[in-house]
Each structure stands twice: as C-alpha cells, then as structure tokens.
file target_17.pdb (PDB, C-alpha atoms)
ATOM      1  CA  MET A 740      10.440 -12.369  -5.426
ATOM      2  CA  ASN A 741       7.710 -14.531  -3.891
ATOM      3  CA  LEU A 742       5.605 -14.206  -7.040
ATOM      4  CA  ILE A 743       6.535 -13.464 -10.646
ATOM      5  CA  LEU A 744       3.991 -10.836 -11.643
ATOM      6  CA  PHE A 745       3.009 -10.037 -15.220
ATOM      7  CA  GLU A 746       0.921  -7.313 -16.809
ATOM      8  CA  GLU A 747      -1.752  -7.829 -19.452
ATOM      9  CA  HIS A 748       0.315  -6.287 -22.265
ATOM     10  CA  GLU A 749       3.195  -8.699 -21.568
ATOM     11  CA  LEU A 750       1.216 -11.891 -22.157
ATOM     12  CA  GLY A 751       2.594 -13.946 -25.024
ATOM     13  CA  LYS A 752       5.787 -11.897 -25.203
ATOM     14  CA  ALA A 753       9.261 -13.016 -24.149
ATOM     15  CA  LEU A 754      10.927 -11.425 -21.140
ATOM     16  CA  SER A 755      14.275  -9.885 -22.047
ATOM     17  CA  ARG A 756      17.435 -11.288 -20.538
ATOM     18  CA  TRP A 757      17.852  -8.033 -18.587
ATOM     19  CA  ASP A 758      14.376  -8.109 -17.040
ATOM     20  CA  LYS A 759      14.697  -8.570 -13.272
ATOM     21  CA  ARG A 760      12.117 -11.369 -13.449
ATOM     22  CA  THR A 761      14.287 -13.238 -15.959
ATOM     23  CA  VAL A 762      17.320 -12.770 -13.758
ATOM     24  CA  HIS A 763      15.367 -14.009 -10.733
ATOM     25  CA  LEU A 764      14.030 -17.067 -12.556
ATOM     26  CA  LEU A 765      17.322 -18.142 -14.095
ATOM     27  CA  LYS A 766      19.979 -16.898 -11.666
ATOM     28  CA  VAL A 767      18.232 -17.006  -8.292
ATOM     29  CA  LEU A 768      15.657 -19.786  -8.660
ATOM     30  CA  HIS A 769      17.814 -21.702 -11.200
ATOM     31  CA  ARG A 770      14.754 -22.589 -13.290
ATOM     32  CA  LYS A 771      15.227 -24.242 -16.676
ATOM     33  CA  THR A 772      13.035 -24.926 -19.699
ATOM     34  CA  GLY A 773       9.971 -26.874 -18.579
ATOM     35  CA  ASP A 774      10.217 -25.757 -14.940
ATOM     36  CA  SER A 775       7.306 -24.078 -13.171
ATOM     37  CA  PHE A 776       7.160 -21.079 -10.831
ATOM     38  CA  ASP A 777       4.594 -19.085  -8.839
ATOM     39  CA  ALA A 778       3.031 -16.417 -11.030
ATOM     40  CA  GLY A 779       0.244 -13.872 -11.167
ATOM     41  CA  LEU A 780      -1.387 -11.275 -13.398
ATOM     42  CA  LEU A 781      -1.481  -7.713 -12.108
ATOM     43  CA  GLY A 782      -5.097  -7.003 -11.241
ATOM     44  CA  GLY A 783      -6.063 -10.635 -11.874
ATOM     45  CA  MET A 784      -5.550 -14.208 -10.744
ATOM     46  CA  ARG A 785      -2.481 -16.051  -9.559
ATOM     47  CA  GLY A 786      -1.263 -19.597 -10.085
ATOM     48  CA  GLN A 787       1.616 -21.242 -11.934
ATOM     49  CA  GLY A 788       3.910 -20.155 -14.724
ATOM     50  CA  ARG A 789       6.050 -22.416 -16.885
ATOM     51  CA  ILE A 790       9.235 -21.677 -18.800
ATOM     52  CA  GLU A 791       8.492 -22.754 -22.365
ATOM     53  CA  LYS A 792      11.716 -21.627 -23.986
ATOM     54  CA  ILE A 793      14.979 -19.858 -23.212
ATOM     55  CA  ASN A 794      16.006 -18.114 -26.424
ATOM     56  CA  ILE A 795      19.562 -17.746 -27.744
ATOM     57  CA  ASP A 796      19.538 -14.053 -26.839
ATOM     58  CA  GLY A 797      18.744 -14.951 -23.213
ATOM     59  CA  SER A 798      15.109 -13.890 -23.320
ATOM     60  CA  VAL A 799      12.518 -16.200 -21.794
ATOM     61  CA  LEU A 800       9.110 -17.246 -23.112
ATOM     62  CA  VAL A 801       6.642 -18.379 -20.461
ATOM     63  CA  SER A 802       3.083 -19.658 -20.261
ATOM     64  CA  LEU A 803       0.665 -19.039 -17.401
ATOM     65  CA  LYS A 804      -2.046 -21.124 -15.769
ATOM     66  CA  LEU A 805      -3.802 -18.830 -13.314
ATOM     67  CA  ASP A 806      -6.713 -20.361 -11.411
ATOM     68  CA  GLU A 807      -6.449 -18.969  -7.881
ATOM     69  CA  ALA A 808      -7.934 -15.746  -6.552
ATOM     70  CA  ALA A 809      -5.519 -13.339  -4.917
ATOM     71  CA  PRO A 810      -6.214 -12.089  -1.367
ATOM     72  CA  GLU A 811      -8.555  -9.122  -1.145
ATOM     73  CA  ARG A 812      -7.189  -5.746  -0.129
ATOM     74  CA  LEU A 813      -8.037  -4.761   3.445
ATOM     75  CA  PRO A 814     -10.702  -2.129   4.243
ATOM     76  CA  LEU A 815      -7.941   0.120   5.482
ATOM     77  CA  ARG A 816      -6.932   3.508   4.060
ATOM     78  CA  VAL A 817      -3.739   5.325   5.112
ATOM     79  CA  ALA A 818      -3.104   9.035   4.654
ATOM     80  CA  VAL A 819       0.387  10.283   5.417
ATOM     81  CA  GLY A 820       2.216  13.577   5.312
ATOM     82  CA  PHE A 821       4.971  13.449   2.697
ATOM     83  CA  PRO A 822       8.099  11.819   4.179
ATOM     84  CA  ARG A 823      11.597  11.996   2.693
ATOM     85  CA  PRO A 824      11.626  10.446  -0.799
ATOM     86  CA  ILE A 825      13.881   7.563   0.243
ATOM     87  CA  GLN A 826      11.456   6.793   3.072
ATOM     88  CA  LEU A 827       8.454   7.175   0.809
ATOM     89  CA  LYS A 828       9.617   4.437  -1.552
ATOM     90  CA  ARG A 829      10.037   1.979   1.330
ATOM     91  CA  LEU A 830       6.743   3.061   2.878
ATOM     92  CA  LEU A 831       4.724   2.538  -0.307
ATOM     93  CA  ARG A 832       6.267  -0.900  -0.728
ATOM     94  CA  ASP A 833       5.501  -1.915   2.861
ATOM     95  CA  LEU A 834       1.927  -0.584   2.875
ATOM     96  CA  SER A 835       1.284  -2.475  -0.344
ATOM     97  CA  SER A 836       2.663  -5.697   1.117
ATOM     98  CA  LEU A 837       0.410  -5.307   4.180
ATOM     99  CA  GLY A 838      -2.661  -5.239   1.943
ATOM    100  CA  ILE A 839      -3.671  -1.598   2.448
ATOM    101  CA  SER A 840      -6.418  -0.640  -0.012
ATOM    102  CA  ALA A 841      -5.524   3.019  -0.559
ATOM    103  CA  VAL A 842      -2.710   5.457   0.234
ATOM    104  CA  ASP A 843      -3.191   9.230   0.246
ATOM    105  CA  LEU A 844      -0.142  11.501   0.336
ATOM    106  CA  LEU A 845      -0.666  14.886   1.975
ATOM    107  CA  GLU A 846       1.180  18.163   2.171
ATOM    108  CA  THR A 847       1.043  19.209   5.822
ATOM    109  CA  GLU A 848       1.714  22.512   7.545
ATOM    110  CA  LEU A 849       4.857  21.273   9.302
ATOM    111  CA  GLY A 850       6.070  19.022   6.483
ATOM    112  CA  GLU A 851       8.976  19.822   4.159
ATOM    113  CA  LYS A 852       7.414  21.227   0.980
ATOM    114  CA  SER A 853      10.197  19.979  -1.289
ATOM    115  CA  TYR A 854       9.310  16.358  -0.531
ATOM    116  CA  ARG A 855       6.224  16.768  -2.745
ATOM    117  CA  ASP A 856       8.530  17.120  -5.768
ATOM    118  CA  THR A 857       9.821  13.551  -5.518
ATOM    119  CA  ASN A 858      10.399  11.834  -8.849
ATOM    120  CA  LEU A 859       8.569   8.783  -7.505
ATOM    121  CA  LEU A 860       5.324  10.496  -8.484
ATOM    122  CA  LYS A 861       6.575  11.352 -11.968
ATOM    123  CA  ASN A 862       8.575   8.400 -13.276
ATOM    124  CA  GLY A 863       6.423   5.461 -12.184
ATOM    125  CA  GLY A 864       8.489   4.844  -9.072
ATOM    126  CA  ALA A 865       5.472   4.856  -6.768
ATOM    127  CA  ARG A 866       3.700   2.231  -8.849
ATOM    128  CA  ALA A 867       6.889   0.151  -8.989
ATOM    129  CA  ALA A 868       7.136   0.289  -5.181
ATOM    130  CA  PHE A 869       3.525  -0.848  -4.884
ATOM    131  CA  ILE A 870       4.191  -3.741  -7.262
ATOM    132  CA  GLU A 871       7.302  -4.740  -5.314
ATOM    133  CA  GLY A 872       5.189  -4.909  -2.167
ATOM    134  CA  ALA A 873       2.533  -6.975  -3.917
ATOM    135  CA  VAL A 874       5.128  -9.426  -5.218
ATOM    136  CA  GLN A 875       6.581  -9.784  -1.724
ATOM    137  CA  SER A 876       3.166 -10.645  -0.257
ATOM    138  CA  ARG A 877       2.084 -12.920  -3.119
ATOM    139  CA  ASP A 878      -0.625 -10.517  -4.211
ATOM    140  CA  THR A 879      -1.694  -9.390  -7.674
ATOM    141  CA  SER A 880      -3.348  -6.075  -6.746
ATOM    142  CA  ILE A 881      -1.883  -2.769  -5.615
ATOM    143  CA  PRO A 882      -3.329   0.093  -3.549
ATOM    144  CA  GLU A 883      -4.967   3.174  -4.997
ATOM    145  CA  LEU A 884      -2.768   6.276  -4.736
ATOM    146  CA  ALA A 885      -3.843   9.918  -4.511
ATOM    147  CA  VAL A 886      -2.052  13.184  -3.672
ATOM    148  CA  TYR A 887      -3.571  16.157  -1.840
ATOM    149  CA  GLY A 888      -2.236  19.678  -1.452
ATOM    150  CA  SER A 889      -3.159  19.904   2.223
ATOM    151  CA  LEU A 890      -4.865  18.073   5.053
ATOM    152  CA  GLY A 891      -7.835  20.397   4.594
ATOM    153  CA  GLU A 892      -8.176  19.432   0.935
ATOM    154  CA  TRP A 893      -8.183  15.741   1.886
ATOM    155  CA  LEU A 894     -10.722  16.239   4.656
ATOM    156  CA  GLU A 895     -12.980  18.139   2.273
ATOM    157  CA  ALA A 896     -12.691  15.466  -0.423
ATOM    158  CA  ARG A 897     -13.437  12.622   2.053
ATOM    159  CA  PRO A 898     -12.300   9.883  -0.361
ATOM    160  CA  TRP A 899     -13.245   7.227   2.200
ATOM    161  CA  ASP A 900     -16.925   8.040   1.639
ATOM    162  CA  ARG A 901     -16.812   6.371  -1.767
ATOM    163  CA  GLN A 902     -16.319   2.704  -2.473
ATOM    164  CA  GLY A 903     -13.270   2.005  -4.625
ATOM    165  CA  ASN A 904     -13.610   3.472  -8.119
ATOM    166  CA  THR A 905     -17.364   2.862  -8.415
ATOM    167  CA  GLY A 906     -18.354   6.235  -6.997
ATOM    168  CA  LYS A 907     -21.078   4.572  -4.908
ATOM    169  CA  LEU A 908     -21.660   5.939  -1.443
ATOM    170  CA  LEU A 909     -20.890   3.559   1.401
ATOM    171  CA  SER A 910     -23.729   2.156   3.478
ATOM    172  CA  VAL A 911     -24.126   3.199   7.104
ATOM    173  CA  ARG A 912     -22.753  -0.140   8.277
ATOM    174  CA  THR A 913     -19.504   0.448   6.415
ATOM    175  CA  VAL A 914     -18.870   4.024   7.554
ATOM    176  CA  PRO A 915     -15.188   3.869   8.556
ATOM    177  CA  LEU A 916     -13.604   4.558  11.902
ATOM    178  CA  LEU A 917     -11.420   7.665  11.561
ATOM    179  CA  VAL A 918      -8.127   7.649  13.478
ATOM    180  CA  ALA A 919      -5.259  10.143  13.509
ATOM    181  CA  ALA A 920      -1.969   9.046  15.041
ATOM    182  CA  ASP A 921      -0.810  11.815  17.387
ATOM    183  CA  ASN A 922       1.303  11.805  20.531
ATOM    184  CA  VAL A 923       0.530  15.422  21.462
ATOM    185  CA  ARG A 924      -2.444  15.629  23.826
ATOM    186  CA  PRO A 925      -3.946  12.384  22.484
ATOM    187  CA  GLU A 926      -7.418  11.186  23.408
ATOM    188  CA  GLY A 927      -6.165   7.700  24.212
ATOM    189  CA  ALA A 928      -3.954   4.894  22.933
ATOM    190  CA  MET A 929      -4.619   3.269  19.577
ATOM    191  CA  ALA A 930      -3.769  -0.129  21.032
ATOM    192  CA  ARG A 931      -6.708   0.187  23.453
ATOM    193  CA  LEU A 932      -9.310   0.492  20.715
ATOM    194  CA  SER A 933     -11.987  -2.182  20.822
ATOM    195  CA  PRO A 934     -12.263  -4.460  17.777
ATOM    196  CA  VAL A 935     -14.282  -2.855  14.985
ATOM    197  CA  GLN A 936     -16.377  -4.462  12.258
ATOM    198  CA  ARG A 937     -15.960  -1.672   9.745
ATOM    199  CA  PRO A 938     -13.256  -0.040   7.620
ATOM    200  CA  VAL A 939     -10.579   2.158   9.176
ATOM    201  CA  VAL A 940      -9.010   5.367   7.882
ATOM    202  CA  LEU A 941      -5.626   6.267   9.367
ATOM    203  CA  ALA A 942      -4.023   9.700   9.188
ATOM    204  CA  VAL A 943      -0.332  10.065  10.052
ATOM    205  CA  GLY A 944       1.482  13.390  10.060
ATOM    206  CA  SER A 945       4.824  14.236   8.520
ATOM    207  CA  GLU A 946       8.146  14.194  10.389
ATOM    208  CA  ARG A 947       7.218  17.129  12.629
ATOM    209  CA  GLY A 948       3.712  15.841  13.251
ATOM    210  CA  TRP A 949       0.450  17.802  13.092
ATOM    211  CA  SER A 950       0.057  21.516  13.724
ATOM    212  CA  ASP A 951      -2.518  22.675  16.273
ATOM    213  CA  THR A 952      -4.676  23.926  13.402
ATOM    214  CA  GLU A 953      -4.561  20.498  11.762
ATOM    215  CA  ARG A 954      -5.439  18.821  15.047
ATOM    216  CA  GLY A 955      -8.520  20.991  15.257
ATOM    217  CA  SER A 956      -9.466  20.141  11.673
ATOM    218  CA  LEU A 957      -9.074  16.414  12.318
ATOM    219  CA  GLU A 958     -11.255  16.581  15.424
ATOM    220  CA  THR A 959     -13.912  18.584  13.585
ATOM    221  CA  ALA A 960     -13.939  15.945  10.832
ATOM    222  CA  GLY A 961     -14.571  13.200  13.395
ATOM    223  CA  PHE A 962     -11.092  11.742  13.795
ATOM    224  CA  LEU A 963      -9.966  10.239  17.082
ATOM    225  CA  ARG A 964      -6.459  11.416  17.937
ATOM    226  CA  LEU A 965      -4.756   8.364  19.418
ATOM    227  CA  SER A 966      -1.216   7.727  20.601
ATOM    228  CA  LEU A 967       1.173   5.052  19.358
ATOM    229  CA  GLY A 968       3.195   5.268  22.555
ATOM    230  CA  PRO A 969       5.592   7.684  24.237
ATOM    231  CA  ARG A 970       8.370   7.524  21.628
ATOM    232  CA  ALA A 971       8.792   9.852  18.650
ATOM    233  CA  LEU A 972       8.706   7.625  15.554
ATOM    234  CA  ARG A 973       9.806   8.116  11.974
ATOM    235  CA  THR A 974       6.894   8.673   9.622
ATOM    236  CA  GLU A 975       7.374   5.320   7.913
ATOM    237  CA  THR A 976       7.602   3.501  11.269
ATOM    238  CA  ALA A 977       4.483   5.224  12.599
ATOM    239  CA  CYS A 978       2.538   4.332   9.437
ATOM    240  CA  VAL A 979       3.430   0.662   9.543
ATOM    241  CA  ALA A 980       2.877   0.417  13.311
ATOM    242  CA  ALA A 981      -0.520   2.115  13.078
ATOM    243  CA  ALA A 982      -1.525  -0.020  10.095
ATOM    244  CA  ILE A 983      -0.690  -3.256  11.909
ATOM    245  CA  ILE A 984      -2.647  -2.175  14.999
ATOM    246  CA  ALA A 985      -5.603  -1.336  12.738
ATOM    247  CA  MET A 986      -5.275  -4.713  11.015
ATOM    248  CA  GLU A 987      -5.574  -6.399  14.392
ATOM    249  CA  LYS A 988      -8.643  -4.306  15.268
ATOM    250  CA  ILE A 989     -10.499  -5.238  12.066
ATOM    251  CA  GLY A 990      -9.650  -8.910  12.495
ATOM    252  CA  ALA A 991      -7.199  -9.182   9.612
ATOM    253  CA  LEU A 992      -4.653 -11.049  11.744
ATOM    254  CA  GLU A 993      -7.016 -13.708  13.095
ATOM    255  CA  ASP A 994      -6.657 -17.428  12.343
ATOM    256  CA  TRP A 995      -3.070 -17.164  11.149
TER
END
call {"tool": "encode", "arguments": {"input": "target_17.pdb", "output": "structure tokens"}}
result
Amino acid sequence: MNLILFEEHELGKALSRWDKRTVHLLKVLHRKTGDSFDAGLLGGMRGQGRIEKINIDGSVLVSLKLDEAAPERLPLRVAVGFPRPIQLKRLLRDLSSLGISAVDLLETELGEKSYRDTNLLKNGGARAAFIEGAVQSRDTSIPELAVYGSLGEWLEARPWDRQGNTGKLLSVRTVPLLVAADNVRPEGAMARLSPVQRPVVLAVGSERGWSDTERGSLETAGFLRLSLGPRALRTETACVAAAIIAMEKIGALEDW
C-alpha cells in the first residue's frame, strides 16, 4: 500500500487486528505507537496518519492530519465490453490507478453474456478494486462506474455529455474526442493522433471485438475507429494501452 486510505465512517474508530491496513502498518511497515504513515480520506484530502495506540486485542487507533489535495481525475472515460471476471478485477484496479474518471461496462454482441453476472458488481468487489488502484497511485478518489446492457444503450445515453454528477451539459470547448479501439478496417492508428486539449472517451470491445453492426453504430455516433497495432490484444491490455496513449495525447504525462 502506498497510502493508507480511510472512509468517513471509520474516523475515530480503531482498526481491527485483522484489517489489511493494520497488517500492513504493523507487519509490513513495522510501525509502532507514535509512528507516522502516509494517509488519505476517500473522497477527500491526503496527508499523514499517526498511530496513537495499539490495543491489547491488536486493534490500532490512529489520528489523521490531512492537508494536501489529491491529484484530480483525468478527463478520460473508458467504456469496455465485459471481460472475464478475473480480468475485470485487474482492469478496474489498473484504470483506477491511472486516474481514469469514469468506467462504463458494456454488454456487446460478440461478448460472453455470462460475464455480466460477475459477483464483482454485487458484493462490492468492483469498488474494492477501484480503491486498491487509488491506494497504489496515492489517490483518494475513485472512478465512477456504470453498466449498460448494450453498446447501443450506452451510445443513446451519451454519459460523456454530462459533467460528473452535476447533470450540467458540457461547454463546446470541452466536447470530448470519441475514439473506438478497433483493428478491423481502422481509420488510422491511435498513436498518430495529434495532441488534444479536450476530454477523451475510449470504447474498447470485448474479447472478440466489435461486430460490424456495432462498428456502424460507433461511426454514426461520431467515434473514430483507430488501431492499437497489428497484434490481437487481451481486453485488459487493450484498455490500458489505449488509456496510456490517450493520457499522452491530453498532456497528462508531460513534465514528469
């Protein structure tokens, strides 16, 4: 853990001896009473934590001094056809750690329908994966997550036309660039895109890619179909590769 992250309802309460944060503090970082550690509040600030007391039962009481703003989420939205559940968990974690602002999961025509039934969407596993990614990247925020029954439903909803949870329409200057990763009859290479000063929406198909009908729908909706190269990639690899290329295009990798 690069950051020990807490939630609002945990403030002032001791962490149990079995909590993975307790284990990390005491067994991995070898912190003792009075020692400090990097900490943050989910959805809030980050800064320093301090171990105030290690109780007889092994639980730990901490205090927080949070005075530093966390990095802002990138103006980058990723939609992806449902991958295998084991891949999905890793993918959500990695997209969160990259700073993606929103992730939309789609049922696609060529995707395996049973993947939609993953327990990650029912038992809090998706949120836990997002938090794991945030902790890895020293962030205190996590992406928004939404699920759509088809590509068509997502294209009709156009969630990228609204700013966060405010419901306000985006200004003309912030209308996003729409890109669909596709190696079948692409219109060009994603790597050859010129730098853009606006948000980006990425759409990545499931394991078998997009159907011809979906390609037509994406083009009608204004998406550029761009290649990631000649190799067939796993869904999770394609998502991360496309996201990093988009990050470079919007200037997120400059000055580092």
call {"tool": "closest_atom_pairs", "arguments": {"input": "target_17.pdb", "of": "region 873-963 of chain A", "to": "region 812-818 of chain A", "cutoff": "7 Å", "atoms": "only C-alpha atoms", "output": "JSON lines"}}
result
{"residue": "A:Pro938", "atom": "CA", "partner": "A:Pro814", "partner_atom": "CA", "distance": 4.7}
{"residue": "A:Val939", "atom": "CA", "partner": "A:Leu815", "partner_atom": "CA", "distance": 5.0}
{"residue": "A:Val940", "atom": "CA", "partner": "A:Arg816", "partner_atom": "CA", "distance": 4.7}
{"residue": "A:Leu941", "atom": "CA", "partner": "A:Val817", "partner_atom": "CA", "distance": 4.7}
{"residue": "A:Ala942", "atom": "CA", "partner": "A:Ala818", "partner_atom": "CA", "distance": 4.7}
{"residue": "A:Val943", "atom": "CA", "partner": "A:Ala818", "partner_atom": "CA", "distance": 6.2}
call {"tool": "write_last_selection", "arguments": {"input": "target_17.pdb", "atoms": "C-alpha atoms", "output": "PDB file, in the frame of the given file"}}
result
ATOM      1  CA  PRO A 938     -13.256  -0.040   7.620  1.00  0.00           C
ATOM      2  CA  VAL A 939     -10.579   2.158   9.176  1.00  0.00           C
ATOM      3  CA  VAL A 940      -9.010   5.367   7.882  1.00  0.00           C
ATOM      4  CA  LEU A 941      -5.626   6.267   9.367  1.00  0.00           C
ATOM      5  CA  ALA A 942      -4.023   9.700   9.188  1.00  0.00           C
ATOM      6  CA  VAL A 943      -0.332  10.065  10.052  1.00  0.00           C
TER       7      VAL A 943
END
call {"tool": "closest_atom_pairs", "arguments": {"input": "target_17.pdb", "of": "region 902-956 of chain A", "to": "region 841-864 of chain A", "cutoff": "7 Å", "atoms": "all atoms listed in the file", "output": "tab-separated table"}}
result
residue	atom	partner	partner_atom	distance
A:Ser945	CA	A:Gly850	CA	5.3
A:Glu946	CA	A:Gly850	CA	6.5
A:Arg947	CA	A:Leu849	CA	5.8
A:Gly948	CA	A:Leu849	CA	6.8
A:Trp949	CA	A:Leu849	CA	6.8
A:Ser950	CA	A:Glu848	CA	6.5
call {"tool": "closest_residue", "arguments": {"input": "target_17.pdb", "among": "A:Leu967, A:Ala778, A:Met784, A:Ile790", "to": "Ala753 (chain A)", "atoms": "only C-alpha atoms"}}
result
A:Ile790
call {"tool": "atom_distance", "arguments": {"input": "target_17.pdb", "atom1": "CA of Gly838 (chain A)", "atom2": "CA of Leu744 (chain A)"}}
result
16.1 Å
call {"tool": "atom_distance", "arguments": {"input": "target_17.pdb", "atom1": "CA of Ala981 (chain A)", "atom2": "CA of Asn741 (chain A)"}}
result
25.2 Å
call {"tool": "residues_around", "arguments": {"input": "target_17.pdb", "residues": "region 922-924 of chain A", "least_positions_apart": "5", "cutoff": "8 Å", "atoms": "all atoms listed in the file", "output": "MDAnalysis selection string"}}
result
chainID A and resid 965:969 971
call {"tool": "resolve_selection", "arguments": {"input": "target_17.pdb", "expression": "the PyMOL selection byres ((chain A and resi 755) around 7)", "output": "JSON, numbers by chain"}}
result
{"A": [753, 754, 756, 757, 758, 761, 797, 798, 799]}
call {"tool": "residues_around", "arguments": {"input": "target_17.pdb", "residues": "Glu807 (chain A)", "least_positions_apart": "6", "cutoff": "10 Å", "atoms": "only C-alpha atoms", "output": "list of chain:residue names"}}
result
A:Gly779, A:Gly783, A:Met784, A:Arg785, A:Gly786, A:Gln787
call {"tool": "resolve_selection", "arguments": {"input": "target_17.pdb", "expression": "the PyMOL selection byres ((chain A and resi 930) around 12)", "output": "list in words"}}
result
Val918, Ala920, Gly927, Ala928, Met929, Arg931, Leu932, Ser933, Pro934, Leu965, Ser966, Leu967, Gly968, Ala980, Ala981, Ala982, Ile983, Ile984, Ala985, Met986, Glu987 and Lys988 of chain A
call {"tool": "residues_around", "arguments": {"input": "target_17.pdb", "residues": "region 773-776 of chain A", "least_positions_apart": "6", "cutoff": "10 Å", "atoms": "all atoms listed in the file", "output": "compact mmCIF listing (two decimals) with C-alpha atoms, keeping the file's coordinate frame"}}
result
# COMPACT_ATOMS: atom_id res chain seq x y z
CA ASN A 741 7.71 -14.53 -3.89
CA LEU A 742 5.60 -14.21 -7.04
CA ILE A 743 6.54 -13.46 -10.65
CA LEU A 764 14.03 -17.07 -12.56
CA GLY A 786 -1.26 -19.60 -10.09
CA GLN A 787 1.62 -21.24 -11.93
CA GLY A 788 3.91 -20.16 -14.72
CA ARG A 789 6.05 -22.42 -16.89
CA ILE A 790 9.24 -21.68 -18.80
CA GLU A 791 8.49 -22.75 -22.36
CA LYS A 792 11.72 -21.63 -23.99
CA ILE A 793 14.98 -19.86 -23.21
CA VAL A 801 6.64 -18.38 -20.46
CA SER A 802 3.08 -19.66 -20.26
CA LEU A 803 0.66 -19.04 -17.40
call {"tool": "closest_residue", "arguments": {"input": "target_17.pdb", "among": "A:Ala865, A:Val886, A:Met740, A:Ala960", "to": "Leu827 (chain A)", "atoms": "all atoms listed in the file"}}
result
A:Ala865
call {"tool": "atom_distance", "arguments": {"input": "target_17.pdb", "atom1": "CA of Leu834 (chain A)", "atom2": "CA of Ala919 (chain A)"}}
result
16.7 Å
call {"tool": "axis_aligned_box", "arguments": {"input": "target_17.pdb", "around": "region 938-945 of chain A", "padding_each_side": "8 Å", "output": "AutoDock Vina command-line options"}}
result
--center_x -4.2 --center_y 7.1 --center_z 8.8 --size_x 34.1 --size_y 30.3 --size_z 18.4
call {"tool": "residues_around", "arguments": {"input": "target_17.pdb", "residues": "Asp878 (chain A)", "least_positions_apart": "3", "cutoff": "6 Å", "atoms": "all atoms listed in the file", "output": "list in words"}}
result
Ala809, Ala873 and Val874 of chain A
call {"tool": "closest_residue", "arguments": {"input": "target_17.pdb", "among": "A:Thr879, A:Thr976, A:Glu993, A:Leu800", "to": "Gly751 (chain A)", "atoms": "all atoms listed in the file"}}
result
A:Leu800
call {"tool": "closest_residue", "arguments": {"input": "target_17.pdb", "among": "A:Leu884, A:Ala868, A:Leu963, A:Ala896", "to": "Gln826 (chain A)", "atoms": "only C-alpha atoms"}}
result
A:Ala868
call {"tool": "closest_residue", "arguments": {"input": "target_17.pdb", "among": "A:Ala885, A:Asn794, A:Trp893, A:Ser835", "to": "Ile870 (chain A)", "atoms": "only C-alpha atoms"}}
result
A:Ser835
call {"tool": "resolve_selection", "arguments": {"input": "target_17.pdb", "expression": "the PyMOL selection byres ((chain A and resi 833) around 10)", "output": "ChimeraX atom specification"}}
result
/A:827-832,834-839,868-869,871-873,875-876,975,978-979
call {"tool": "write_last_selection", "arguments": {"input": "target_17.pdb", "atoms": "C-alpha atoms", "output": "CSV table (one decimal), in the coordinates of the input"}}
result
chain,number,residue,atom,x,y,z
A,827,LEU,CA,8.5,7.2,0.8
A,828,LYS,CA,9.6,4.4,-1.6
A,829,ARG,CA,10.0,2.0,1.3
A,830,LEU,CA,6.7,3.1,2.9
A,831,LEU,CA,4.7,2.5,-0.3
A,832,ARG,CA,6.3,-0.9,-0.7
A,834,LEU,CA,1.9,-0.6,2.9
A,835,SER,CA,1.3,-2.5,-0.3
A,836,SER,CA,2.7,-5.7,1.1
A,837,LEU,CA,0.4,-5.3,4.2
A,838,GLY,CA,-2.7,-5.2,1.9
A,839,ILE,CA,-3.7,-1.6,2.4
A,868,ALA,CA,7.1,0.3,-5.2
A,869,PHE,CA,3.5,-0.8,-4.9
A,871,GLU,CA,7.3,-4.7,-5.3
A,872,GLY,CA,5.2,-4.9,-2.2
A,873,ALA,CA,2.5,-7.0,-3.9
A,875,GLN,CA,6.6,-9.8,-1.7
A,876,SER,CA,3.2,-10.6,-0.3
A,975,GLU,CA,7.4,5.3,7.9
A,978,CYS,CA,2.5,4.3,9.4
A,979,VAL,CA,3.4,0.7,9.5
call {"tool": "build_atoms", "arguments": {"input": "target_17.pdb", "residues": "region 807-819 of chain A", "atoms": "N, CA and C atoms", "output": "mmCIF file, in the frame of the given file"}}
result
data_model
loop_
_atom_site.group_PDB
_atom_site.id
_atom_site.type_symbol
_atom_site.label_atom_id
_atom_site.label_comp_id
_atom_site.auth_asym_id
_atom_site.auth_seq_id
_atom_site.Cartn_x
_atom_site.Cartn_y
_atom_site.Cartn_z
ATOM 1 N N GLU A 807 -6.277 -19.228 -9.312
ATOM 2 C CA GLU A 807 -6.449 -18.969 -7.881
ATOM 3 C C GLU A 807 -6.657 -17.477 -7.645
ATOM 4 N N ALA A 808 -7.667 -17.149 -6.870
ATOM 5 C CA ALA A 808 -7.934 -15.746 -6.552
ATOM 6 C C ALA A 808 -6.882 -15.211 -5.593
ATOM 7 N N ALA A 809 -6.467 -13.991 -5.824
ATOM 8 C CA ALA A 809 -5.519 -13.339 -4.917
ATOM 9 C C ALA A 809 -6.256 -12.844 -3.672
ATOM 10 N N PRO A 810 -5.544 -12.606 -2.568
ATOM 11 C CA PRO A 810 -6.214 -12.089 -1.367
ATOM 12 C C PRO A 810 -6.801 -10.704 -1.613
ATOM 13 N N GLU A 811 -7.934 -10.430 -0.993
ATOM 14 C CA GLU A 811 -8.555 -9.122 -1.145
ATOM 15 C C GLU A 811 -7.795 -8.071 -0.351
ATOM 16 N N ARG A 812 -7.782 -6.863 -0.862
ATOM 17 C CA ARG A 812 -7.189 -5.746 -0.129
ATOM 18 C C ARG A 812 -8.024 -5.448 1.115
ATOM 19 N N LEU A 813 -7.362 -5.018 2.174
ATOM 20 C CA LEU A 813 -8.037 -4.761 3.445
ATOM 21 C C LEU A 813 -8.837 -3.464 3.399
ATOM 22 N N PRO A 814 -9.927 -3.369 4.162
ATOM 23 C CA PRO A 814 -10.702 -2.129 4.243
ATOM 24 C C PRO A 814 -9.995 -1.102 5.129
ATOM 25 N N LEU A 815 -8.812 -0.744 4.692
ATOM 26 C CA LEU A 815 -7.941 0.120 5.482
ATOM 27 C C LEU A 815 -7.271 1.138 4.567
ATOM 28 N N ARG A 816 -7.493 2.404 4.844
ATOM 29 C CA ARG A 816 -6.932 3.508 4.060
ATOM 30 C C ARG A 816 -5.925 4.250 4.934
ATOM 31 N N VAL A 817 -4.777 4.608 4.370
ATOM 32 C CA VAL A 817 -3.739 5.325 5.112
ATOM 33 C C VAL A 817 -3.417 6.635 4.409
ATOM 34 N N ALA A 818 -3.535 7.726 5.156
ATOM 35 C CA ALA A 818 -3.104 9.035 4.654
ATOM 36 C C ALA A 818 -1.859 9.435 5.435
ATOM 37 N N VAL A 819 -0.873 9.962 4.747
ATOM 38 C CA VAL A 819 0.387 10.283 5.417
ATOM 39 C C VAL A 819 0.978 11.566 4.843
#
